[in-house]
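Have a look at the structure below, then the notes.
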Amino acid sequence: MKSSCSKICALLESFLDGDLSVEEDASVAAHLQTCPGCRAEFESERLLRNSFTSLPELSCPETTTRLIEKATLSRQTTRVPSYLWQRGIRQLGWRPTAAGVAALAAIFLLLLYPTSHRDPETNGPYTREEILVARQEAKLGLILTFHKIGKSEKEAIGGVLGKRLPQAIRGSLQKVLERSEGGQG
Amino acid sequence: MKSSTFQELLRRYQNRIYSYAYYFLRNREDAEDVTQEVFIRCWQSCEATEWKGMLAWMIRVAHNLCIDVKRRRKRTAIQRNNTEAEYLTVLRERNRATTDPELLLQLDQTQQILLDAMEELPDRTRSYLLLHYFQGLTYREIGQITLTNTNTVKVQVHRGKQALKQILAGSLNEQSQKG
């Protein structure tokens, strides 16, 4: 291969892209007319390029698209936005706590009323003393539950709203909370 | 990332990513897995709502995943005591069997030969060729995406092209003699 041929071959890609200057373009075109070796190289370069560029763009199967959407967009509702985390939403632990305590209280109450035996004095499954103890324990359980809910509520309001509430509303809210706490006692 | 932005990304680029993965791996299921993985990673890791650089990021992830899949396949073949030549033959046969019939109708003879010939190239070279010619990326962009020197990309593409040209010329001559 002549040195001019190697130079021309190096320019073939740019020639096909149309990236050469007018002079270079003309010189490559003129050379290709006269040199069969470079013409063959040019033809094979063009064939390869056309084969690649005309490869069809395939359609992604619908099932794949749906799976992607399911794994991403449909999970969005369960995701807690990051800004809420930053503002202290972690303090919002009252809902699970209250639910847990309520579930425990329900289990506790259920355990209080089995129907295995009946007491002749009270005509029920337990003696008078057992019923009194159970009542006391249930009362204590409920008080603890309300106390926990009230405390969590206070924390939640403080955590989410913080100091963004006007002073007047914060004051009245405080009063309501205090009154409800007093009522429990 | 906003769901509307993600939906738009998915709508706009899913075919592009899927096609790249398919032509690289020549296997529909693997290409589907790669596409899913790319978009799920995009959803999980991209907080930005800007479009700039998103396609390049997705192509990079797809490129790395495709190379991983290929490596895994090769390892499995070697574990089964297949030689490189046997592996390539099995791969070609399997690719022919799994190629979508609709796609086969769309491809001309040269393209079919080309896709088969691509299997014989090293993974990276095949990837660079696809990125350059099929995705229309410049050598510089490919270098940035694959974290490779631009000149290395250029050399690899050149070598890949020379190998493909030889295979194409040989196959086409063979077929014209048969005809």
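Chain labels A, B, ... are given in the sequence in which chains occur in the structure tokens; within each chain residues are numbered consecutively from 1, and ligands are likewise numbered from 1 in the order shown.
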
Only residues of chain A matter here; which ones have an atom within 12 Å of chain B, counting only C-alpha atoms? Give them as a CSV table (one decimal) with N, CA and C atoms, in the first residue's frame.
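Output below, filename out17.csv:
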```csv
chain,number,residue,atom,x,y,z
A,9,CYS,N,-7.0,5.8,3.5
A,9,CYS,CA,-7.7,4.9,4.3
A,9,CYS,C,-8.1,5.4,5.7
A,10,ALA,N,-7.1,6.2,6.2
A,10,ALA,CA,-7.3,6.7,7.6
A,10,ALA,C,-8.4,7.8,7.5
A,12,LEU,N,-11.1,7.6,5.5
A,12,LEU,CA,-12.4,7.0,5.0
A,12,LEU,C,-13.6,7.2,5.9
A,13,GLU,N,-13.3,7.0,7.2
A,13,GLU,CA,-14.5,7.1,8.1
A,13,GLU,C,-15.0,8.5,8.2
A,14,SER,N,-14.1,9.5,8.3
A,14,SER,CA,-14.5,10.9,8.3
A,14,SER,C,-15.2,11.2,7.0
A,17,ASP,N,-18.6,10.1,7.1
A,17,ASP,CA,-19.3,10.9,8.1
A,17,ASP,C,-19.6,12.3,7.5
A,40,ALA,N,-12.0,-0.6,-2.9
A,40,ALA,CA,-12.5,-1.9,-2.2
A,40,ALA,C,-12.7,-1.7,-0.7
A,41,GLU,N,-11.6,-1.0,-0.1
A,41,GLU,CA,-11.6,-0.7,1.3
A,41,GLU,C,-12.8,0.2,1.7
A,42,PHE,N,-13.0,1.2,0.8
A,42,PHE,CA,-14.1,2.1,1.0
A,42,PHE,C,-15.5,1.4,1.0
A,43,GLU,N,-15.6,0.5,0.0
A,43,GLU,CA,-16.9,-0.3,-0.1
A,43,GLU,C,-17.1,-1.2,1.1
A,44,SER,N,-16.1,-1.8,1.6
A,44,SER,CA,-16.3,-2.7,2.7
A,44,SER,C,-16.6,-1.9,4.0
A,45,GLU,N,-16.0,-0.7,4.1
A,45,GLU,CA,-16.2,0.2,5.2
A,45,GLU,C,-17.7,0.7,5.2
A,46,ARG,N,-18.1,1.0,3.9
A,46,ARG,CA,-19.5,1.5,3.8
A,46,ARG,C,-20.5,0.3,4.1
A,47,LEU,N,-20.2,-0.9,3.6
A,47,LEU,CA,-21.1,-2.0,3.9
A,47,LEU,C,-21.2,-2.3,5.4
A,48,LEU,N,-20.1,-2.3,6.0
A,48,LEU,CA,-20.1,-2.5,7.5
A,48,LEU,C,-20.9,-1.5,8.2
A,49,ARG,N,-20.7,-0.2,7.9
A,49,ARG,CA,-21.4,0.9,8.5
A,49,ARG,C,-22.9,0.8,8.3
A,50,ASN,N,-23.2,0.5,7.0
A,50,ASN,CA,-24.7,0.5,6.7
A,50,ASN,C,-25.3,-0.7,7.4
A,51,SER,N,-24.6,-1.8,7.5
A,51,SER,CA,-25.2,-3.0,8.2
A,51,SER,C,-25.4,-2.6,9.7
A,52,PHE,N,-24.5,-1.9,10.3
A,52,PHE,CA,-24.7,-1.6,11.7
A,52,PHE,C,-25.8,-0.5,11.9
A,53,THR,N,-25.7,0.5,11.1
A,53,THR,CA,-26.6,1.6,11.3
A,53,THR,C,-28.1,1.3,11.0
A,54,SER,N,-28.2,0.3,10.1
A,54,SER,CA,-29.6,-0.1,9.7
A,54,SER,C,-30.1,-1.2,10.6
A,55,LEU,N,-29.4,-1.6,11.6
A,55,LEU,CA,-29.9,-2.6,12.5
A,55,LEU,C,-31.2,-2.0,13.1
A,56,PRO,N,-32.3,-2.8,13.1
A,56,PRO,CA,-33.5,-2.1,13.7
A,56,PRO,C,-33.5,-2.0,15.2
A,57,GLU,N,-34.1,-0.9,15.7
A,57,GLU,CA,-34.2,-0.7,17.1
A,57,GLU,C,-35.3,-1.6,17.6
A,58,LEU,N,-35.0,-2.4,18.5
A,58,LEU,CA,-36.0,-3.4,19.0
A,58,LEU,C,-36.9,-2.8,20.0
A,59,SER,N,-38.1,-3.4,20.1
A,59,SER,CA,-39.1,-2.9,21.1
A,59,SER,C,-38.9,-3.7,22.3
A,60,CYS,N,-38.8,-3.0,23.4
A,60,CYS,CA,-38.7,-3.7,24.7
A,60,CYS,C,-40.0,-4.4,25.0
A,61,PRO,N,-40.0,-5.6,25.3
A,61,PRO,CA,-41.3,-6.3,25.6
A,61,PRO,C,-42.2,-5.6,26.7
A,62,GLU,N,-43.4,-5.6,26.4
A,62,GLU,CA,-44.4,-5.0,27.4
A,62,GLU,C,-44.3,-5.5,28.8
A,63,THR,N,-44.0,-6.9,28.8
A,63,THR,CA,-43.9,-7.5,30.2
A,63,THR,C,-42.7,-6.9,31.0
A,64,THR,N,-41.7,-6.6,30.2
A,64,THR,CA,-40.5,-6.1,30.9
A,64,THR,C,-40.8,-4.7,31.4
A,65,THR,N,-41.5,-3.9,30.6
A,65,THR,CA,-41.9,-2.5,31.0
A,65,THR,C,-42.7,-2.6,32.2
A,66,ARG,N,-43.7,-3.5,32.2
A,66,ARG,CA,-44.6,-3.6,33.4
A,66,ARG,C,-43.9,-4.0,34.6
A,67,LEU,N,-42.9,-4.9,34.4
A,67,LEU,CA,-42.1,-5.4,35.6
A,67,LEU,C,-41.3,-4.2,36.2
A,68,ILE,N,-40.8,-3.4,35.3
A,68,ILE,CA,-40.0,-2.3,35.7
A,68,ILE,C,-40.9,-1.3,36.5
A,69,GLU,N,-42.0,-1.0,35.9
A,69,GLU,CA,-43.0,-0.1,36.6
A,69,GLU,C,-43.4,-0.6,38.0
A,70,LYS,N,-43.6,-2.0,38.0
A,70,LYS,CA,-44.0,-2.6,39.3
A,70,LYS,C,-42.9,-2.4,40.3
A,71,ALA,N,-41.7,-2.6,39.9
A,71,ALA,CA,-40.6,-2.6,40.8
A,71,ALA,C,-40.2,-1.2,41.2
A,72,THR,N,-40.7,-0.2,40.5
A,72,THR,CA,-40.2,1.2,40.8
A,72,THR,C,-41.4,2.1,41.2
A,73,LEU,N,-42.2,2.4,40.2
A,73,LEU,CA,-43.3,3.4,40.4
A,73,LEU,C,-44.4,2.9,41.4
A,74,SER,N,-44.7,1.6,41.3
A,74,SER,CA,-45.8,1.2,42.2
A,74,SER,C,-45.4,1.0,43.6
A,75,ARG,N,-44.1,1.1,43.9
A,75,ARG,CA,-43.5,1.0,45.2
A,75,ARG,C,-43.4,2.4,45.8
A,76,GLN,N,-43.6,3.4,45.0
A,76,GLN,CA,-43.4,4.8,45.4
A,76,GLN,C,-44.3,5.1,46.6
A,77,THR,N,-45.5,4.6,46.6
A,77,THR,CA,-46.4,5.0,47.7
A,77,THR,C,-46.0,4.6,49.1
A,79,ARG,N,-42.8,4.5,49.9
A,79,ARG,CA,-41.6,5.1,50.3
A,79,ARG,C,-41.8,6.5,51.0
A,81,PRO,N,-40.9,10.1,51.8
A,81,PRO,CA,-40.0,11.1,51.2
A,81,PRO,C,-38.8,11.5,52.1
A,82,SER,N,-37.7,11.7,51.5
A,82,SER,CA,-36.5,11.9,52.3
A,82,SER,C,-36.6,13.2,53.1
```

Surrounding residues of Val69 (chain B) excluding itself and chain neighbours under 4 positions, 9 Å, only C-alpha atoms, as a VMD selection string
chain B and resid 25 30 34 64 to 65 73 to 74

Go through region 6-87 of chain A and collect every residue that DSSP, computed from the backbone, puts in alpha helix (DSSP H); the answer should be as a ChimeraX atom specification.
/A:6-17,22-34,36-53,62-71,82-86

In Å, rounded to a single decimal, give me how far CA of Gly141 (chain A) is from CA of Glu155 (chain A).
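Calculated distance between CA of Glu155 (chain A) and CA of Gly141 (chain A) is 21.0 Å.
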
Can you pull out every residue within 8 Å of Ala138 (chain A), counting only C-alpha atoms, but drop anything in the same chain fewer than 3 positions away, and send it as a count of residues only?
7
